[in-house]
Amino acid sequence: MGYNVAIDGPAGAGKSTIAKLVAKEKGFVYVDTGAMYRGLAIHFLEKGIEAGETDKIIEACKDAEVTIKYEDEQQQVYLNGKNITHKLRDEAVGNMASKSSGIPQVRAKLLELQQGLAREQDVIMDGRDIGTCVLPNADVKVFLTASVETRAKRRYDELTGKGIACDFDEIANDIKERDERDSSRETAPLKQAEDAVLVDSSEMSIAEVVEAIVKLCK
Ligand code: DC
């Protein structure tokens, strides 16, 4: 069994940025489970399926194989043998991932892959249900959050920094909607595990959050 660190929290809390830095400092493998849900979402979208079409999504799970490889220490996601990593961050893919991830069959499809990765090596894994469902016996559990305003501001700065025009209120509303959907679903909702340490990064720098988490690790 590897040493396992679970980081859960809402969209935009900085989980991946922080997890990557902790991974580097501690020599852990960073596992981004959101990217796996996004990989399956691409499969559904490529088949022309819409988010509400649950039966079609369940059927489409049967011919989807998501696998992970590490190239230059970066996680690469493959869908049926094709590297689709460059498509993962599209807005439509994120929305499909958020909606389809509420379906138990979609979650079951990825659970074994996630648990297998954590068995074989020391990992820091981020997602929504890592501390509660995927790795209930993780050595360290962190629930990383930040206010909606802070998360919307980070996303706004990220997009405008890339020259993409966007509207702050629209981003904030999108974040609220996604929080609501991720937390209120029946299967594996986003919630803090009882034994997770709460870290609110609203008023913290990236370095401070990394330091706080590194201190919790062996
Ligand atoms: O972290 P992210 O934005 O890449 O995740 C995309 C969607 O996948 C998110 O809206 C919720 C879902 N997800 C999940 O249900 N469980 C996880 N462990 C990770 C992501």
# chains A, B, ... in the order shown; residues from 1 in each chain; ligands from 1
call {"tool": "closest_atom_pairs", "arguments": {"of": "chain A", "to": "ligand 1", "cutoff": "6 Å", "atoms": "only C-alpha atoms and all ligand atoms", "output": "Markdown table"}}
result
| residue | atom | partner | partner_atom_place_in_ligand_line | distance |
| --- | --- | --- | --- | --- |
| A:Ala11 | CA | ligand 1 | 3 (O) | 5.3 |
| A:Thr33 | CA | ligand 1 | 19 (C) | 4.8 |
| A:Gly34 | CA | ligand 1 | 4 (O) | 3.6 |
| A:Ala35 | CA | ligand 1 | 4 (O) | 5.2 |
| A:Tyr37 | CA | ligand 1 | 8 (O) | 5.0 |
| A:Arg38 | CA | ligand 1 | 6 (C) | 5.9 |
| A:Gly94 | CA | ligand 1 | 6 (C) | 5.3 |
| A:Ala97 | CA | ligand 1 | 7 (C) | 4.6 |
| A:Ser98 | CA | ligand 1 | 10 (O) | 3.3 |
| A:Ser101 | CA | ligand 1 | 15 (O) | 4.7 |
| A:Gly127 | CA | ligand 1 | 18 (N) | 3.5 |
| A:Arg128 | CA | ligand 1 | 18 (N) | 4.2 |
| A:Asp129 | CA | ligand 1 | 18 (N) | 5.1 |
| A:Ile130 | CA | ligand 1 | 18 (N) | 5.9 |
| A:Asp182 | CA | ligand 1 | 11 (C) | 5.9 |
call {"tool": "write_last_selection", "arguments": {"atoms": "N, CA, C and O atoms", "output": "compact mmCIF listing (two decimals), in the first residue's frame"}}
result
# COMPACT_ATOMS: atom_id res chain seq x y z
N ALA A 11 -14.83 23.17 -6.86
CA ALA A 11 -14.13 23.62 -8.08
C ALA A 11 -13.46 24.96 -7.81
O ALA A 11 -14.04 25.85 -7.19
N THR A 33 -8.25 13.19 -10.30
CA THR A 33 -9.40 12.34 -10.65
C THR A 33 -10.43 13.10 -11.48
O THR A 33 -11.17 12.49 -12.25
N GLY A 34 -10.48 14.43 -11.33
CA GLY A 34 -11.39 15.23 -12.16
C GLY A 34 -11.10 15.00 -13.63
O GLY A 34 -12.01 14.94 -14.47
N ALA A 35 -9.81 14.84 -13.95
CA ALA A 35 -9.41 14.63 -15.35
C ALA A 35 -9.98 13.32 -15.88
O ALA A 35 -10.26 13.19 -17.08
N TYR A 37 -12.94 11.99 -14.92
CA TYR A 37 -14.36 12.27 -15.23
C TYR A 37 -14.46 13.09 -16.50
O TYR A 37 -15.38 12.91 -17.31
N ARG A 38 -13.50 13.99 -16.69
CA ARG A 38 -13.49 14.79 -17.92
C ARG A 38 -13.21 13.89 -19.13
O ARG A 38 -13.77 14.09 -20.20
N GLY A 94 -16.11 20.22 -18.93
CA GLY A 94 -16.29 20.39 -17.47
C GLY A 94 -17.75 20.28 -17.08
O GLY A 94 -18.09 19.65 -16.07
N ALA A 97 -18.81 16.69 -17.39
CA ALA A 97 -18.20 15.90 -16.31
C ALA A 97 -18.96 16.13 -15.01
O ALA A 97 -19.27 15.18 -14.27
N SER A 98 -19.31 17.37 -14.74
CA SER A 98 -20.03 17.68 -13.50
C SER A 98 -21.38 16.97 -13.48
O SER A 98 -21.80 16.43 -12.46
N SER A 101 -21.01 12.87 -13.66
CA SER A 101 -20.35 12.25 -12.50
C SER A 101 -21.33 11.94 -11.37
O SER A 101 -20.96 11.28 -10.40
N GLY A 127 -9.93 15.44 -5.74
CA GLY A 127 -11.25 15.18 -6.32
C GLY A 127 -12.33 15.73 -5.42
O GLY A 127 -12.18 16.79 -4.79
N ARG A 128 -13.45 15.00 -5.37
CA ARG A 128 -14.59 15.44 -4.54
C ARG A 128 -14.91 14.44 -3.43
O ARG A 128 -15.47 14.78 -2.41
N ASP A 129 -14.57 13.17 -3.68
CA ASP A 129 -14.98 12.09 -2.78
C ASP A 129 -13.79 11.20 -2.42
O ASP A 129 -13.97 10.03 -2.13
N ILE A 130 -12.59 11.74 -2.48
CA ILE A 130 -11.41 10.89 -2.26
C ILE A 130 -11.35 10.46 -0.78
O ILE A 130 -11.22 9.28 -0.48
N ASP A 182 -22.44 19.44 -7.28
CA ASP A 182 -21.46 18.48 -6.74
C ASP A 182 -21.81 18.07 -5.30
O ASP A 182 -21.56 16.95 -4.88
call {"tool": "residues_around", "arguments": {"residues": "A:Leu88", "least_positions_apart": "5", "cutoff": "12 Å", "atoms": "only C-alpha atoms", "output": "list in words"}}
result
Asp32, Thr33, Gly34, Ala35, Met36, Tyr37, Arg38, Gly39, Leu40, Ala41, Ile42, His43, Leu45, Gln75, Gln76, Val77, Tyr78, Leu79, Asn83, Val93, Gly94, Asn95, Met96 and Ala97 of chain A
call {"tool": "residues_around", "arguments": {"residues": "stretch 198-207 of chain A", "least_positions_apart": "6", "cutoff": "8 Å", "atoms": "only C-alpha atoms", "output": "PDB file with C-alpha atoms, in the first residue's frame"}}
result
ATOM      1  CA  ALA A  13     -10.250  25.940  -4.606  1.00  0.00           C
ATOM      2  CA  ILE A  18      -1.465  22.783  -4.469  1.00  0.00           C
ATOM      3  CA  VAL A 142      -7.525  17.630   3.502  1.00  0.00           C
ATOM      4  CA  PHE A 143     -10.678  19.532   2.600  1.00  0.00           C
ATOM      5  CA  LEU A 144      -9.452  22.547   0.661  1.00  0.00           C
ATOM      6  CA  THR A 145     -11.895  25.362   0.117  1.00  0.00           C
ATOM      7  CA  ALA A 146     -12.111  29.106  -0.541  1.00  0.00           C
ATOM      8  CA  SER A 147     -14.959  31.608  -0.798  1.00  0.00           C
ATOM      9  CA  THR A 150     -11.978  34.219  -4.232  1.00  0.00           C
ATOM     10  CA  GLN A 192     -15.727  17.025   4.084  1.00  0.00           C
TER      11      GLN A 192
END
call {"tool": "select_by_dssp", "arguments": {"residues": "stretch 12-181 of chain A", "states": "strand (DSSP E)", "output": "PyMOL selection string"}}
result
chain A and resi 29-32+66-71+74-79+82-83+123-127+140-145
call {"tool": "write_last_selection", "arguments": {"atoms": "N, CA, C and O atoms", "output": "compact mmCIF listing (two decimals), in the first residue's frame"}}
result
# COMPACT_ATOMS: atom_id res chain seq x y z
N VAL A 29 3.20 10.85 -6.37
CA VAL A 29 2.60 10.97 -7.70
C VAL A 29 1.29 11.74 -7.54
O VAL A 29 0.49 11.42 -6.66
N TYR A 30 1.08 12.73 -8.37
CA TYR A 30 -0.16 13.50 -8.31
C TYR A 30 -1.21 12.84 -9.20
O TYR A 30 -0.99 12.62 -10.39
N VAL A 31 -2.36 12.51 -8.61
CA VAL A 31 -3.44 11.90 -9.38
C VAL A 31 -4.64 12.85 -9.40
O VAL A 31 -5.22 13.17 -8.36
N ASP A 32 -4.99 13.30 -10.60
CA ASP A 32 -6.09 14.24 -10.81
C ASP A 32 -7.32 13.44 -11.23
O ASP A 32 -7.42 13.03 -12.40
N VAL A 66 -10.72 4.47 -19.97
CA VAL A 66 -9.89 5.60 -19.57
C VAL A 66 -8.63 5.04 -18.90
O VAL A 66 -8.73 4.20 -18.00
N THR A 67 -7.48 5.46 -19.36
CA THR A 67 -6.22 5.03 -18.72
C THR A 67 -5.34 6.26 -18.49
O THR A 67 -5.55 7.31 -19.12
N ILE A 68 -4.41 6.09 -17.57
CA ILE A 68 -3.55 7.19 -17.16
C ILE A 68 -2.10 6.80 -17.41
O ILE A 68 -1.71 5.67 -17.11
N LYS A 69 -1.34 7.73 -17.95
CA LYS A 69 0.11 7.50 -18.06
C LYS A 69 0.80 8.75 -17.53
O LYS A 69 0.20 9.83 -17.51
N TYR A 70 2.05 8.60 -17.13
CA TYR A 70 2.80 9.78 -16.69
C TYR A 70 3.94 10.03 -17.66
O TYR A 70 4.75 9.15 -17.91
N GLU A 71 3.95 11.22 -18.24
CA GLU A 71 5.02 11.59 -19.17
C GLU A 71 5.64 12.87 -18.62
O GLU A 71 4.91 13.85 -18.38
N GLN A 74 3.93 14.42 -15.80
CA GLN A 74 2.60 15.01 -16.00
C GLN A 74 1.61 13.88 -16.29
O GLN A 74 1.90 13.00 -17.09
N GLN A 75 0.44 13.98 -15.64
CA GLN A 75 -0.59 12.98 -15.89
C GLN A 75 -1.18 13.17 -17.30
O GLN A 75 -1.61 14.26 -17.64
N GLN A 76 -1.20 12.10 -18.06
CA GLN A 76 -1.81 12.13 -19.39
C GLN A 76 -3.01 11.20 -19.36
O GLN A 76 -2.92 10.09 -18.84
N VAL A 77 -4.13 11.65 -19.90
CA VAL A 77 -5.34 10.83 -19.90
C VAL A 77 -5.57 10.30 -21.31
O VAL A 77 -5.58 11.07 -22.28
N TYR A 78 -5.77 8.99 -21.38
CA TYR A 78 -6.05 8.34 -22.66
C TYR A 78 -7.48 7.81 -22.67
O TYR A 78 -7.93 7.24 -21.67
N LEU A 79 -8.16 8.04 -23.76
CA LEU A 79 -9.50 7.51 -23.94
C LEU A 79 -9.44 6.54 -25.11
O LEU A 79 -9.10 6.95 -26.23
N LYS A 82 -6.32 6.86 -27.10
CA LYS A 82 -5.96 8.16 -27.69
C LYS A 82 -5.71 9.19 -26.59
O LYS A 82 -6.51 9.30 -25.65
N ASN A 83 -4.59 9.91 -26.70
CA ASN A 83 -4.30 10.93 -25.68
C ASN A 83 -5.23 12.13 -25.87
O ASN A 83 -5.20 12.80 -26.90
N VAL A 123 0.72 8.49 -3.34
CA VAL A 123 -0.01 9.45 -4.18
C VAL A 123 -0.60 10.59 -3.36
O VAL A 123 -0.89 10.44 -2.17
N ILE A 124 -0.78 11.70 -4.04
CA ILE A 124 -1.65 12.75 -3.53
C ILE A 124 -2.74 12.86 -4.59
O ILE A 124 -2.45 13.10 -5.77
N MET A 125 -3.96 12.55 -4.18
CA MET A 125 -5.06 12.42 -5.14
C MET A 125 -6.10 13.50 -4.86
O MET A 125 -6.50 13.66 -3.71
N ASP A 126 -6.51 14.23 -5.89
CA ASP A 126 -7.53 15.25 -5.63
C ASP A 126 -8.83 14.95 -6.36
O ASP A 126 -8.85 14.25 -7.37
N GLY A 127 -9.93 15.44 -5.74
CA GLY A 127 -11.25 15.18 -6.32
C GLY A 127 -12.33 15.73 -5.42
O GLY A 127 -12.18 16.79 -4.79
N VAL A 140 -3.53 10.97 5.10
CA VAL A 140 -3.82 12.39 5.36
C VAL A 140 -5.03 12.77 4.51
O VAL A 140 -5.11 12.40 3.34
N LYS A 141 -5.97 13.49 5.12
CA LYS A 141 -7.12 13.98 4.35
C LYS A 141 -7.24 15.48 4.55
O LYS A 141 -7.22 15.96 5.70
N VAL A 142 -7.39 16.18 3.44
CA VAL A 142 -7.52 17.63 3.50
C VAL A 142 -8.79 18.03 2.75
O VAL A 142 -9.07 17.49 1.67
N PHE A 143 -9.56 18.94 3.33
CA PHE A 143 -10.68 19.53 2.60
C PHE A 143 -10.28 20.97 2.33
O PHE A 143 -10.19 21.79 3.24
N LEU A 144 -9.98 21.24 1.05
CA LEU A 144 -9.45 22.55 0.66
C LEU A 144 -10.57 23.39 0.05
O LEU A 144 -11.17 22.99 -0.95
N THR A 145 -10.82 24.53 0.65
CA THR A 145 -11.90 25.36 0.12
C THR A 145 -11.46 26.82 0.07
O THR A 145 -10.37 27.18 0.51
call {"tool": "closest_residue", "arguments": {"among": "A:Arg107, A:Glu91, A:Gly116, A:Gly12", "to": "A:Asp157", "atoms": "only C-alpha atoms"}}
result
A:Gly12
call {"tool": "closest_residue", "arguments": {"among": "A:Glu73, A:Asp139, A:Asp90, A:Glu65", "to": "A:Ala196", "atoms": "only C-alpha atoms"}}
result
A:Asp139
call {"tool": "residues_around", "arguments": {"residues": "A:Lys218", "least_positions_apart": "6", "cutoff": "12 Å", "atoms": "only C-alpha atoms", "output": "MDAnalysis selection string"}}
result
chainID A and resid 3:5 26:28 122 139:140
call {"tool": "atom_distance", "arguments": {"atom1": "atom CA of A:Ala92", "atom2": "atom CA of A:Leu159"}}
result
15.5 Å
call {"tool": "select_by_dssp", "arguments": {"residues": "stretch 12-185 of chain A", "states": "alpha helix (DSSP H)", "output": "PyMOL selection string"}}
result
chain A and resi 15-26+33-46+54-61+91-100+104-120+148-161+168-184
call {"tool": "residues_around", "arguments": {"residues": "A:Gln105", "least_positions_apart": "4", "cutoff": "12 Å", "atoms": "only C-alpha atoms", "output": "number ranges by chain"}}
result
A: 37, 40, 54-62, 100-101, 109-111, 187-188
call {"tool": "write_last_selection", "arguments": {"atoms": "C-alpha atoms", "output": "short mmCIF file (atom, residue, chain, number, x, y, z; two decimals), in the first residue's frame"}}
result
data_model
loop_
_atom_site.label_atom_id
_atom_site.label_comp_id
_atom_site.auth_asym_id
_atom_site.auth_seq_id
_atom_site.Cartn_x
_atom_site.Cartn_y
_atom_site.Cartn_z
CA TYR A 37 -14.36 12.27 -15.23
CA LEU A 40 -15.29 10.01 -19.86
CA THR A 54 -28.67 9.02 -18.42
CA ASP A 55 -29.46 5.71 -20.15
CA LYS A 56 -27.25 6.59 -23.11
CA ILE A 57 -24.44 7.64 -20.76
CA ILE A 58 -24.65 4.31 -18.88
CA GLU A 59 -24.60 2.41 -22.17
CA ALA A 60 -21.68 4.48 -23.48
CA CYS A 61 -19.63 3.60 -20.37
CA LYS A 62 -19.35 0.07 -21.74
CA SER A 100 -22.43 12.81 -15.65
CA SER A 101 -20.35 12.25 -12.50
CA LYS A 109 -16.15 2.82 -13.82
CA LEU A 110 -13.38 5.03 -12.40
CA LEU A 111 -13.20 3.81 -8.79
CA THR A 187 -23.90 9.37 -5.10
CA ALA A 188 -20.59 10.40 -3.53
#
call {"tool": "closest_residue", "arguments": {"among": "A:Val134, A:Val214, A:Leu21, A:Ala172", "to": "A:Arg119", "atoms": "only C-alpha atoms"}}
result
A:Val134
